[in-house]
$ cat coords_1.cif   # mmCIF, C-alpha atoms; chains and numbers go by the auth columns
data_my_file
#
loop_
_atom_site.group_PDB
_atom_site.id
_atom_site.type_symbol
_atom_site.label_atom_id
_atom_site.label_comp_id
_atom_site.label_asym_id
_atom_site.label_seq_id
_atom_site.Cartn_x
_atom_site.Cartn_y
_atom_site.Cartn_z
_atom_site.B_iso_or_equiv
_atom_site.auth_seq_id
_atom_site.auth_asym_id
ATOM 1 C CA MET A 1 232.258 96.678 -186.010 0.00 956 C
ATOM 2 C CA SER A 2 229.807 94.514 -184.106 0.00 957 C
ATOM 3 C CA VAL A 3 232.511 93.701 -181.550 0.00 958 C
ATOM 4 C CA LEU A 4 233.123 97.424 -180.929 0.00 959 C
ATOM 5 C CA LEU A 5 229.389 98.051 -180.540 0.00 960 C
ATOM 6 C CA ALA A 6 229.108 95.207 -178.059 0.00 961 C
ATOM 7 C CA LEU A 7 232.131 96.546 -176.148 0.00 962 C
ATOM 8 C CA PHE A 8 230.697 100.070 -176.000 0.00 963 C
ATOM 9 C CA SER A 9 227.322 98.771 -174.873 0.00 964 C
ATOM 10 C CA ALA A 10 228.996 96.746 -172.112 0.00 965 C
ATOM 11 C CA LEU A 11 230.992 99.794 -170.995 0.00 966 C
ATOM 12 C CA GLY A 12 227.820 101.874 -171.009 0.00 967 C
ATOM 13 C CA ALA A 13 226.022 99.294 -168.889 0.00 968 C
ATOM 14 C CA VAL A 14 228.938 99.241 -166.401 0.00 969 C
ATOM 15 C CA LEU A 15 229.011 103.056 -166.207 0.00 970 C
ATOM 16 C CA LEU A 16 225.227 103.165 -165.721 0.00 971 C
ATOM 17 C CA PHE A 17 225.518 100.620 -162.912 0.00 972 C
ATOM 18 C CA LEU A 18 228.280 102.646 -161.238 0.00 973 C
ATOM 19 C CA LEU A 19 226.226 105.838 -161.523 0.00 974 C
ATOM 20 C CA LYS A 20 223.227 104.105 -159.964 0.00 975 C
ATOM 21 C CA LEU A 21 225.428 102.778 -157.164 0.00 976 C
ATOM 22 C CA VAL A 22 226.858 106.247 -156.473 0.00 977 C
ATOM 23 C CA GLY A 23 223.343 107.708 -156.501 0.00 978 C
ATOM 24 C CA ILE A 24 222.108 105.095 -154.030 0.00 979 C
ATOM 25 C CA LEU A 25 225.062 105.765 -151.712 0.00 980 C
ATOM 26 C CA LEU A 26 224.448 109.526 -151.881 0.00 981 C
ATOM 27 C CA LEU A 27 220.756 108.976 -151.134 0.00 982 C
ATOM 28 C CA ILE A 28 221.608 106.797 -148.127 0.00 983 C
ATOM 29 C CA GLY A 29 224.032 109.454 -146.879 0.00 984 C
ATOM 30 C CA MET A 30 221.427 112.205 -147.244 0.00 985 C
ATOM 31 C CA VAL A 31 218.821 110.117 -145.404 0.00 986 C
ATOM 32 C CA LEU A 32 221.256 109.427 -142.562 0.00 987 C
ATOM 33 C CA LEU A 33 222.161 113.124 -142.380 0.00 988 C
ATOM 34 C CA ALA A 34 218.463 114.060 -142.274 0.00 989 C
ATOM 35 C CA LEU A 35 217.879 111.516 -139.495 0.00 990 C
ATOM 36 C CA VAL A 36 220.776 112.944 -137.487 0.00 991 C
ATOM 37 C CA LEU A 37 219.578 116.529 -137.954 0.00 992 C
ATOM 38 C CA PHE A 38 215.831 116.097 -137.518 0.00 993 C
ATOM 39 C CA CYS A 39 215.713 113.203 -135.055 0.00 994 C
ATOM 40 C CA PRO A 40 216.606 114.199 -131.512 0.00 995 C
ATOM 41 C CA PHE A 41 220.063 113.392 -130.250 0.00 996 C
ATOM 42 C CA CYS A 42 219.933 111.830 -126.796 0.00 997 C
ATOM 43 C CA ALA A 43 222.357 111.327 -123.933 0.00 998 C
ATOM 44 C CA ASP A 44 221.611 109.361 -120.763 0.00 999 C
ATOM 45 C CA VAL A 45 223.436 110.604 -117.670 0.00 1000 C
ATOM 46 C CA GLN A 46 223.448 108.460 -114.524 0.00 1001 C
ATOM 47 C CA TRP A 47 225.168 108.682 -111.151 0.00 1002 C
ATOM 48 C CA GLU A 48 224.535 105.764 -108.867 0.00 1003 C
ATOM 49 C CA GLN A 49 226.623 104.166 -106.114 0.00 1004 C
ATOM 50 C CA GLY A 50 229.543 106.495 -106.838 0.00 1005 C
ATOM 51 C CA VAL A 51 229.739 105.581 -110.550 0.00 1006 C
ATOM 52 C CA PHE A 52 229.138 108.288 -113.197 0.00 1007 C
ATOM 53 C CA THR A 53 228.012 106.912 -116.579 0.00 1008 C
ATOM 54 C CA VAL A 54 227.147 108.704 -119.828 0.00 1009 C
ATOM 55 C CA LYS A 55 225.445 107.017 -122.780 0.00 1010 C
ATOM 56 C CA ALA A 56 224.883 108.798 -126.108 0.00 1011 C
ATOM 57 C CA GLY A 57 222.981 107.993 -129.272 0.00 1012 C
ATOM 58 C CA ALA A 58 219.941 108.910 -131.354 0.00 1013 C
ATOM 59 C CA LEU A 59 216.414 107.675 -132.057 0.00 1014 C
ATOM 60 C CA GLY A 60 216.086 106.631 -128.418 0.00 1015 C
ATOM 61 C CA LEU A 61 219.051 104.233 -128.604 0.00 1016 C
ATOM 62 C CA ALA A 62 222.002 105.072 -126.378 0.00 1017 C
ATOM 63 C CA PHE A 63 225.386 103.387 -126.061 0.00 1018 C
ATOM 64 C CA PRO A 64 227.990 103.831 -123.282 0.00 1019 C
ATOM 65 C CA VAL A 65 230.633 106.439 -124.129 0.00 1020 C
ATOM 66 C CA PHE A 66 232.029 107.465 -120.731 0.00 1021 C
ATOM 67 C CA GLN A 67 232.297 105.976 -117.274 0.00 1022 C
ATOM 68 C CA TYR A 68 234.073 107.174 -114.140 0.00 1023 C
ATOM 69 C CA PRO A 69 235.676 105.519 -112.341 0.00 1024 C
ATOM 70 C CA LYS A 70 236.449 103.100 -115.126 0.00 1025 C
ATOM 71 C CA PRO A 71 236.291 99.389 -114.345 0.00 1026 C
ATOM 72 C CA GLU A 72 239.629 97.719 -113.954 0.00 1027 C
ATOM 73 C CA PRO A 73 240.656 95.988 -117.188 0.00 1028 C
ATOM 74 C CA ALA A 74 240.721 92.244 -117.073 0.00 1029 C
ATOM 75 C CA GLU A 75 244.056 90.539 -117.483 0.00 1030 C
ATOM 76 C CA PRO A 76 244.621 89.398 -121.072 0.00 1031 C
ATOM 77 C CA GLU A 77 244.109 85.711 -121.466 0.00 1032 C
ATOM 78 C CA GLU A 78 246.701 83.551 -123.119 0.00 1033 C
ATOM 79 C CA PRO A 79 245.836 82.697 -126.726 0.00 1034 C
ATOM 80 C CA LYS A 80 244.219 79.316 -127.012 0.00 1035 C
ATOM 81 C CA GLY A 81 244.142 77.134 -130.100 0.00 1036 C
ATOM 82 C CA PRO A 82 245.614 77.834 -133.540 0.00 1037 C
ATOM 83 C CA LEU A 83 243.283 80.780 -134.206 0.00 1038 C
ATOM 84 C CA GLY A 84 244.275 82.526 -130.963 0.00 1039 C
ATOM 85 C CA LYS A 85 247.974 82.015 -131.694 0.00 1040 C
ATOM 86 C CA LEU A 86 247.458 83.382 -135.208 0.00 1041 C
ATOM 87 C CA LYS A 87 245.728 86.498 -133.809 0.00 1042 C
ATOM 88 C CA ALA A 88 248.561 87.007 -131.317 0.00 1043 C
ATOM 89 C CA LYS A 89 251.156 86.772 -134.101 0.00 1044 C
ATOM 90 C CA PHE A 90 249.169 89.213 -136.217 0.00 1045 C
ATOM 91 C CA ARG A 91 248.968 91.750 -133.334 0.00 1046 C
ATOM 92 C CA ALA A 92 252.725 91.393 -132.705 0.00 1047 C
ATOM 93 C CA TRP A 93 253.429 91.901 -136.430 0.00 1048 C
ATOM 94 C CA ARG A 94 251.253 95.056 -136.503 0.00 1049 C
ATOM 95 C CA ALA A 95 252.965 96.466 -133.415 0.00 1050 C
ATOM 96 C CA GLU A 96 256.397 95.790 -134.928 0.00 1051 C
ATOM 97 C CA ARG A 97 255.363 97.402 -138.217 0.00 1052 C
ATOM 98 C CA LYS A 98 254.088 100.524 -136.440 0.00 1053 C
ATOM 99 C CA ALA A 99 257.335 100.761 -134.480 0.00 1054 C
ATOM 100 C CA LYS A 100 259.394 100.511 -137.709 0.00 1055 C
ATOM 101 C CA LYS A 101 257.280 103.190 -139.385 0.00 1056 C
ATOM 102 C CA ALA A 102 257.663 105.505 -136.388 0.00 1057 C
ATOM 103 C CA ALA A 103 261.439 104.939 -136.355 0.00 1058 C
ATOM 104 C CA ALA A 104 261.714 105.576 -140.107 0.00 1059 C
ATOM 105 C CA LYS A 105 259.636 108.749 -139.787 0.00 1060 C
ATOM 106 C CA ALA A 106 261.795 109.998 -136.924 0.00 1061 C
ATOM 107 C CA ALA A 107 264.997 109.276 -138.888 0.00 1062 C
ATOM 108 C CA LYS A 108 263.914 111.415 -141.858 0.00 1063 C
ATOM 109 C CA PRO A 109 265.248 114.964 -141.754 0.00 1064 C
ATOM 110 C CA ALA A 110 262.585 117.554 -141.128 0.00 1065 C
ATOM 111 C CA LYS A 111 261.755 119.748 -144.107 0.00 1066 C
ATOM 112 C CA PRO A 112 262.450 123.430 -143.542 0.00 1067 C
ATOM 113 C CA LYS A 113 259.228 125.394 -143.318 0.00 1068 C
ATOM 114 C CA LYS A 114 258.738 128.400 -145.498 0.00 1069 C
ATOM 115 C CA GLU A 115 258.626 131.596 -143.552 0.00 1070 C
ATOM 116 C CA THR A 116 255.405 133.440 -144.146 0.00 1071 C
ATOM 117 C CA PRO A 117 254.937 137.062 -143.246 0.00 1072 C
ATOM 118 C CA PRO A 118 252.784 137.581 -140.173 0.00 1073 C
ATOM 119 C CA ARG A 119 249.195 138.337 -140.963 0.00 1074 C
ATOM 120 C CA LYS A 120 247.772 141.585 -139.773 0.00 1075 C
ATOM 121 C CA LYS A 121 244.799 141.014 -137.503 0.00 1076 C
ATOM 122 C CA ALA A 122 241.758 143.213 -137.600 0.00 1077 C
ATOM 123 C CA LYS A 123 241.152 145.620 -134.758 0.00 1078 C
ATOM 124 C CA LEU A 124 238.533 144.910 -132.127 0.00 1079 C
ATOM 125 C CA THR A 125 235.828 147.515 -132.590 0.00 1080 C
ATOM 126 C CA LEU A 126 232.513 148.187 -130.883 0.00 1081 C
ATOM 127 C CA ASN A 127 230.617 146.815 -133.892 0.00 1082 C
ATOM 128 C CA ILE A 128 232.553 143.537 -133.733 0.00 1083 C
ATOM 129 C CA ILE A 129 231.898 143.212 -129.976 0.00 1084 C
ATOM 130 C CA CYS A 130 228.155 143.790 -130.500 0.00 1085 C
ATOM 131 C CA THR A 131 228.114 141.200 -133.302 0.00 1086 C
ATOM 132 C CA MET A 132 229.844 138.659 -131.058 0.00 1087 C
ATOM 133 C CA LEU A 133 227.378 139.261 -128.239 0.00 1088 C
ATOM 134 C CA ARG A 134 224.380 138.949 -130.600 0.00 1089 C
ATOM 135 C CA GLY A 135 225.757 135.718 -132.034 0.00 1090 C
ATOM 136 C CA ALA A 136 226.430 134.253 -128.586 0.00 1091 C
ATOM 137 C CA GLY A 137 222.910 135.157 -127.466 0.00 1092 C
ATOM 138 C CA ARG A 138 221.289 133.679 -130.575 0.00 1093 C
ATOM 139 C CA LEU A 139 223.271 130.453 -130.258 0.00 1094 C
ATOM 140 C CA THR A 140 222.514 130.188 -126.527 0.00 1095 C
ATOM 141 C CA ARG A 141 218.778 130.652 -127.138 0.00 1096 C
ATOM 142 C CA ALA A 142 218.858 127.985 -129.861 0.00 1097 C
ATOM 143 C CA ILE A 143 220.653 125.483 -127.628 0.00 1098 C
ATOM 144 C CA PHE A 144 218.414 126.051 -124.609 0.00 1099 C
ATOM 145 C CA GLY A 145 215.308 126.030 -126.787 0.00 1100 C
ATOM 146 C CA ALA A 146 216.223 122.690 -128.348 0.00 1101 C
ATOM 147 C CA LEU A 147 217.168 120.943 -125.090 0.00 1102 C
ATOM 148 C CA ARG A 148 214.793 118.559 -123.340 0.00 1103 C
ATOM 149 C CA LEU A 149 215.490 116.882 -120.009 0.00 1104 C
ATOM 150 C CA THR A 150 213.291 113.828 -119.579 0.00 1105 C
ATOM 151 C CA LYS A 151 213.208 110.684 -117.432 0.00 1106 C
ATOM 152 C CA ILE A 152 214.648 112.647 -114.501 0.00 1107 C
ATOM 153 C CA ARG A 153 215.090 110.479 -111.429 0.00 1108 C
ATOM 154 C CA ILE A 154 216.587 112.053 -108.306 0.00 1109 C
ATOM 155 C CA CYS A 155 216.815 110.244 -105.009 0.00 1110 C
ATOM 156 C CA LEU A 156 219.175 111.660 -102.394 0.00 1111 C
ATOM 157 C CA GLY A 157 219.619 110.813 -98.728 0.00 1112 C
ATOM 158 C CA VAL A 158 220.515 113.532 -96.257 0.00 1113 C
ATOM 159 C CA ARG A 159 222.984 112.195 -93.691 0.00 1114 C
ATOM 160 C CA GLY A 160 224.815 113.556 -90.675 0.00 1115 C
ATOM 161 C CA GLU A 161 226.247 112.534 -87.352 0.00 1116 C
ATOM 162 C CA ASP A 162 224.216 115.141 -85.472 0.00 1117 C
ATOM 163 C CA PRO A 163 220.455 114.731 -86.120 0.00 1118 C
ATOM 164 C CA ALA A 164 219.807 118.455 -85.585 0.00 1119 C
ATOM 165 C CA GLN A 165 222.490 119.468 -88.087 0.00 1120 C
ATOM 166 C CA ALA A 166 221.257 116.850 -90.559 0.00 1121 C
ATOM 167 C CA ALA A 167 217.695 118.191 -90.210 0.00 1122 C
ATOM 168 C CA ARG A 168 218.891 121.721 -90.973 0.00 1123 C
ATOM 169 C CA THR A 169 220.819 120.431 -93.978 0.00 1124 C
ATOM 170 C CA TYR A 170 217.712 118.599 -95.128 0.00 1125 C
ATOM 171 C CA GLY A 171 215.669 121.812 -95.033 0.00 1126 C
ATOM 172 C CA LYS A 172 218.322 123.855 -96.855 0.00 1127 C
ATOM 173 C CA LEU A 173 218.699 121.194 -99.542 0.00 1128 C
ATOM 174 C CA ASN A 174 214.943 121.124 -100.094 0.00 1129 C
ATOM 175 C CA ALA A 175 214.802 124.889 -100.500 0.00 1130 C
ATOM 176 C CA TRP A 176 217.859 125.024 -102.772 0.00 1131 C
ATOM 177 C CA LEU A 177 216.882 122.097 -104.990 0.00 1132 C
ATOM 178 C CA TYR A 178 213.283 123.081 -105.703 0.00 1133 C
ATOM 179 C CA THR A 179 214.230 126.708 -106.363 0.00 1134 C
ATOM 180 C CA SER A 180 216.985 125.735 -108.783 0.00 1135 C
ATOM 181 C CA LEU A 181 214.737 123.303 -110.628 0.00 1136 C
ATOM 182 C CA GLY A 182 212.060 125.986 -110.899 0.00 1137 C
ATOM 183 C CA VAL A 183 214.547 128.383 -112.512 0.00 1138 C
ATOM 184 C CA LEU A 184 215.752 125.681 -114.906 0.00 1139 C
ATOM 185 C CA ASP A 185 212.192 124.792 -115.849 0.00 1140 C
ATOM 186 C CA ARG A 186 211.770 128.383 -117.036 0.00 1141 C
ATOM 187 C CA PHE A 187 214.347 127.817 -119.804 0.00 1142 C
ATOM 188 C CA ILE A 188 214.532 124.021 -120.331 0.00 1143 C
ATOM 189 C CA PHE A 189 211.728 121.474 -120.575 0.00 1144 C
ATOM 190 C CA LEU A 190 211.901 119.207 -117.508 0.00 1145 C
ATOM 191 C CA ASP A 191 210.052 115.911 -117.123 0.00 1146 C
ATOM 192 C CA PHE A 192 210.401 114.185 -113.737 0.00 1147 C
ATOM 193 C CA GLU A 193 209.768 110.549 -112.980 0.00 1148 C
ATOM 194 C CA GLU A 194 211.103 110.674 -109.416 0.00 1149 C
ATOM 195 C CA LEU A 195 212.182 113.489 -107.101 0.00 1150 C
ATOM 196 C CA ARG A 196 212.842 112.533 -103.497 0.00 1151 C
ATOM 197 C CA LEU A 197 214.987 113.883 -100.680 0.00 1152 C
ATOM 198 C CA LEU A 198 214.932 111.427 -97.804 0.00 1153 C
ATOM 199 C CA PRO A 199 216.328 111.917 -94.278 0.00 1154 C
ATOM 200 C CA ASP A 200 218.824 109.152 -93.660 0.00 1155 C
ATOM 201 C CA PHE A 201 220.229 109.692 -90.171 0.00 1156 C
ATOM 202 C CA GLY A 202 219.976 107.830 -86.937 0.00 1157 C
ATOM 203 C CA SER A 203 221.434 104.569 -88.300 0.00 1158 C
ATOM 204 C CA ALA A 204 224.997 103.332 -88.602 0.00 1159 C
ATOM 205 C CA GLU A 205 224.641 102.248 -92.230 0.00 1160 C
ATOM 206 C CA PRO A 206 222.993 104.411 -94.947 0.00 1161 C
ATOM 207 C CA THR A 207 219.577 103.069 -95.915 0.00 1162 C
ATOM 208 C CA VAL A 208 218.991 105.320 -98.948 0.00 1163 C
ATOM 209 C CA GLU A 209 220.822 104.670 -102.217 0.00 1164 C
ATOM 210 C CA ASP A 210 221.790 107.967 -103.854 0.00 1165 C
ATOM 211 C CA ARG A 211 221.016 108.053 -107.560 0.00 1166 C
ATOM 212 C CA VAL A 212 220.595 110.766 -110.174 0.00 1167 C
ATOM 213 C CA SER A 213 219.728 109.978 -113.761 0.00 1168 C
ATOM 214 C CA PHE A 214 218.192 111.875 -116.678 0.00 1169 C
ATOM 215 C CA ARG A 215 218.054 111.935 -120.466 0.00 1170 C
ATOM 216 C CA VAL A 216 219.174 114.978 -122.449 0.00 1171 C
ATOM 217 C CA SER A 217 217.710 115.229 -125.947 0.00 1172 C
ATOM 218 C CA ALA A 218 218.025 117.972 -128.545 0.00 1173 C
ATOM 219 C CA ARG A 219 217.127 118.450 -132.178 0.00 1174 C
ATOM 220 C CA LEU A 220 220.426 119.250 -133.844 0.00 1175 C
ATOM 221 C CA PHE A 221 218.730 120.852 -136.866 0.00 1176 C
ATOM 222 C CA PHE A 222 217.828 124.047 -135.002 0.00 1177 C
ATOM 223 C CA ILE A 223 221.246 124.278 -133.354 0.00 1178 C
ATOM 224 C CA VAL A 224 223.052 123.776 -136.689 0.00 1179 C
ATOM 225 C CA CYS A 225 220.882 126.410 -138.394 0.00 1180 C
ATOM 226 C CA ALA A 226 221.620 128.906 -135.616 0.00 1181 C
ATOM 227 C CA ALA A 227 225.359 128.117 -135.745 0.00 1182 C
ATOM 228 C CA VAL A 228 225.445 128.597 -139.550 0.00 1183 C
ATOM 229 C CA ARG A 229 223.635 131.923 -139.218 0.00 1184 C
ATOM 230 C CA VAL A 230 226.029 133.101 -136.510 0.00 1185 C
ATOM 231 C CA LEU A 231 229.064 132.081 -138.593 0.00 1186 C
ATOM 232 C CA TYR A 232 227.649 133.940 -141.607 0.00 1187 C
ATOM 233 C CA GLU A 233 227.205 137.093 -139.530 0.00 1188 C
ATOM 234 C CA PHE A 234 230.743 136.724 -138.169 0.00 1189 C
ATOM 235 C CA TRP A 235 232.094 136.391 -141.719 0.00 1190 C
ATOM 236 C CA ARG A 236 230.066 139.364 -143.001 0.00 1191 C
ATOM 237 C CA GLU A 237 231.161 141.620 -140.147 0.00 1192 C
ATOM 238 C CA LYS A 238 234.769 140.299 -140.364 0.00 1193 C
ATOM 239 C CA VAL A 239 234.730 139.115 -136.765 0.00 1194 C
ATOM 240 C CA LEU A 240 236.865 136.080 -137.564 0.00 1195 C
ATOM 241 C CA ASP A 241 239.683 138.310 -138.821 0.00 1196 C
ATOM 242 C CA VAL A 242 240.275 139.425 -135.240 0.00 1197 C
ATOM 243 C CA PHE A 243 241.190 135.902 -134.095 0.00 1198 C
ATOM 244 C CA ILE A 244 242.585 134.245 -137.245 0.00 1199 C
#
$ encode --input "coords_1.cif" --output "structure tokens"
Amino acid sequence: MSVLLALFSALGAVLLFLLKLVGILLLIGMVLLALVLFCPFCADVQWEQGVFTVKAGALGLAFPVFQYPKPEPAEPEEPKGPLGKLKAKFRAWRAERKAKKAAAKAAKPAKPKKETPPRKKAKLTLNIICTMLRGAGRLTRAIFGALRLTKIRICLGVRGEDPAQAARTYGKLNAWLYTSLGVLDRFIFLDFEELRLLPDFGSAEPTVEDRVSFRVSARLFFIVCAAVRVLYEFWREKVLDVFI
């Protein structure tokens, strides 16, 4: 009897430990989800010397995710030492295993799919169109309201073979750029660190380095709430039945 009691107590302690572990993992997941939703998502966009780079992240930390044109990959070095040879053998074994799996999957006969009767789609009515337009407007307002453009640095050189033509281009670019930025500032928060248009003509080599960089940040919580509300309205008005 005492052995059974000891066994049950040990099992209870193990189950309690597992429950605590699951609770801690769920708490960590909820905290990370709250950080992602409430902390602003950020993306750094940069164009300099003909290279376009995008870095994305959160909490002010950004990591490279896209670059064009991509740098040329370096030639793979020959494995050195026993560890390098072991890694090379392991990569070759994985590639061979993937090839065998793909060949075995291709050799299996395809299962016949069950024919399902075509689903009748709902008709597009005026009420559904109005609901779609309201949802698109609400989602657009939420996205533009949550966006912030900070650390904006713009430095462009106006060039041209003919100085008179380059001067006219310089004037047009000034008028176009400042007007466009004024319109954008009406809807999106803009924070400039540098804004310069410099005449760069009269010399054989360009003296101004073109560069454009800025940080886009947005609080995903407001965008997610607006998207959930729009999806609920679409489901209530049966808008999704038109497309699904």
$ axis_aligned_box --input "coords_1.cif" --around "segment 1168-1187 of chain C" --padding-each-side "3 Å" --output "JSON"
{"center_x": 223.1, "center_y": 122.0, "center_z": -127.7, "size_x": 17.9, "size_y": 30.0, "size_z": 33.8}
$ closest_residue --input "coords_1.cif" --among "C:Glu1148, C:Val1194, C:Thr1105, C:Ala998" --to "Gly1012 of chain C" --atoms "all atoms listed in the file"
C:Ala998
$ atom_distance --input "coords_1.cif" --atom1 "atom CA of Val1009 of chain C" --atom2 "atom CA of Ala989 of chain C"
24.7 Å
$ resolve_selection --input "coords_1.cif" --expression "the PyMOL selection byres ((chain C and resi 1094-1103) around 7)" --output "ChimeraX atom specification"
/C:1090-1093,1104-1105,1142-1145,1171-1174,1177-1178,1181-1182
$ residues_around --input "coords_1.cif" --residues "segment 1019-1028 of chain C" --least-positions-apart "2" --cutoff "9 Å" --atoms "only C-alpha atoms" --output "PDB file with C-alpha atoms, keeping the file's coordinate frame"
ATOM      1  CA  ASP C 999     221.611 109.361-120.763  1.00  0.00           C
ATOM      2  CA  GLY C1005     229.543 106.495-106.838  1.00  0.00           C
ATOM      3  CA  VAL C1006     229.739 105.581-110.550  1.00  0.00           C
ATOM      4  CA  PHE C1007     229.138 108.288-113.197  1.00  0.00           C
ATOM      5  CA  THR C1008     228.012 106.912-116.579  1.00  0.00           C
ATOM      6  CA  VAL C1009     227.147 108.704-119.828  1.00  0.00           C
ATOM      7  CA  LYS C1010     225.445 107.017-122.780  1.00  0.00           C
ATOM      8  CA  ALA C1011     224.883 108.798-126.108  1.00  0.00           C
ATOM      9  CA  GLY C1012     222.981 107.993-129.272  1.00  0.00           C
ATOM     10  CA  ALA C1017     222.002 105.072-126.378  1.00  0.00           C
ATOM     11  CA  GLU C1030     244.056  90.539-117.483  1.00  0.00           C
ATOM     12  CA  PRO C1031     244.621  89.398-121.072  1.00  0.00           C
TER      13      PRO C1031
END
$ atom_distance --input "coords_1.cif" --atom1 "atom CA of Ala1058 of chain C" --atom2 "atom CA of Lys1044 of chain C"
21.0 Å
$ atom_distance --input "coords_1.cif" --atom1 "atom CA of Ala1062 of chain C" --atom2 "atom CA of Ala1047 of chain C"
22.6 Å
$ closest_residue --input "coords_1.cif" --among "C:Lys1068, C:Lys1193, C:Lys975, C:Arg1151" --to "Cys1110 of chain C" --atoms "all atoms listed in the file"
C:Arg1151
$ closest_residue --input "coords_1.cif" --among "C:Pro1037, C:Arg1191, C:Asp1155, C:Ala961" --to "Glu1116 of chain C" --atoms "all atoms listed in the file"
C:Asp1155
$ closest_residue --input "coords_1.cif" --among "C:Lys1127, C:Lys1106, C:Arg1114, C:Lys1066" --to "Val1000 of chain C" --atoms "all atoms listed in the file"
C:Lys1106
$ resolve_selection --input "coords_1.cif" --expression "the PyMOL selection byres ((chain C and resi 1079) around 12)" --output "CSV table (one decimal) with C-alpha atoms, keeping the file's coordinate frame"
chain,number,residue,atom,x,y,z
C,1076,LYS,CA,244.8,141.0,-137.5
C,1077,ALA,CA,241.8,143.2,-137.6
C,1078,LYS,CA,241.2,145.6,-134.8
C,1080,THR,CA,235.8,147.5,-132.6
C,1081,LEU,CA,232.5,148.2,-130.9
C,1082,ASN,CA,230.6,146.8,-133.9
C,1083,ILE,CA,232.6,143.5,-133.7
C,1084,ILE,CA,231.9,143.2,-130.0
C,1085,CYS,CA,228.2,143.8,-130.5
C,1086,THR,CA,228.1,141.2,-133.3
C,1087,MET,CA,229.8,138.7,-131.1
C,1192,GLU,CA,231.2,141.6,-140.1
C,1193,LYS,CA,234.8,140.3,-140.4
C,1194,VAL,CA,234.7,139.1,-136.8
C,1195,LEU,CA,236.9,136.1,-137.6
C,1196,ASP,CA,239.7,138.3,-138.8
C,1197,VAL,CA,240.3,139.4,-135.2
C,1198,PHE,CA,241.2,135.9,-134.1
$ build_atoms --input "coords_1.cif" --residues "segment 1108-1121 of chain C" --atoms "N, CA and C atoms" --output "compact mmCIF listing (two decimals), in the frame of the given file"
# COMPACT_ATOMS: atom_id res chain seq x y z
N ARG C 1108 215.28 111.25 -112.67
CA ARG C 1108 215.09 110.48 -111.43
C ARG C 1108 216.15 110.94 -110.44
N ILE C 1109 215.69 111.55 -109.34
CA ILE C 1109 216.59 112.05 -108.31
C ILE C 1109 216.15 111.46 -106.97
N CYS C 1110 217.08 110.79 -106.34
CA CYS C 1110 216.82 110.24 -105.01
C CYS C 1110 218.08 110.43 -104.18
N LEU C 1111 218.01 111.33 -103.21
CA LEU C 1111 219.18 111.66 -102.39
C LEU C 1111 218.83 111.49 -100.92
N GLY C 1112 219.77 110.95 -100.17
CA GLY C 1112 219.62 110.81 -98.73
C GLY C 1112 220.44 111.85 -98.00
N VAL C 1113 219.83 112.52 -97.05
CA VAL C 1113 220.52 113.53 -96.26
C VAL C 1113 221.04 112.86 -94.99
N ARG C 1114 222.35 112.90 -94.79
CA ARG C 1114 222.98 112.20 -93.69
C ARG C 1114 223.74 113.17 -92.80
N GLY C 1115 224.04 112.74 -91.60
CA GLY C 1115 224.82 113.56 -90.68
C GLY C 1115 224.94 112.87 -89.33
N GLU C 1116 226.04 113.13 -88.66
CA GLU C 1116 226.25 112.53 -87.35
C GLU C 1116 225.31 113.15 -86.32
N ASP C 1117 225.11 114.45 -86.41
CA ASP C 1117 224.22 115.14 -85.47
C ASP C 1117 222.83 115.23 -86.11
N PRO C 1118 221.79 114.67 -85.52
CA PRO C 1118 220.46 114.73 -86.12
C PRO C 1118 219.95 116.15 -86.34
N ALA C 1119 220.27 117.08 -85.42
CA ALA C 1119 219.81 118.46 -85.58
C ALA C 1119 220.47 119.11 -86.79
N GLN C 1120 221.78 118.91 -86.93
CA GLN C 1120 222.49 119.47 -88.09
C GLN C 1120 222.00 118.83 -89.38
N ALA C 1121 221.76 117.53 -89.36
CA ALA C 1121 221.26 116.85 -90.56
C ALA C 1121 219.87 117.36 -90.93
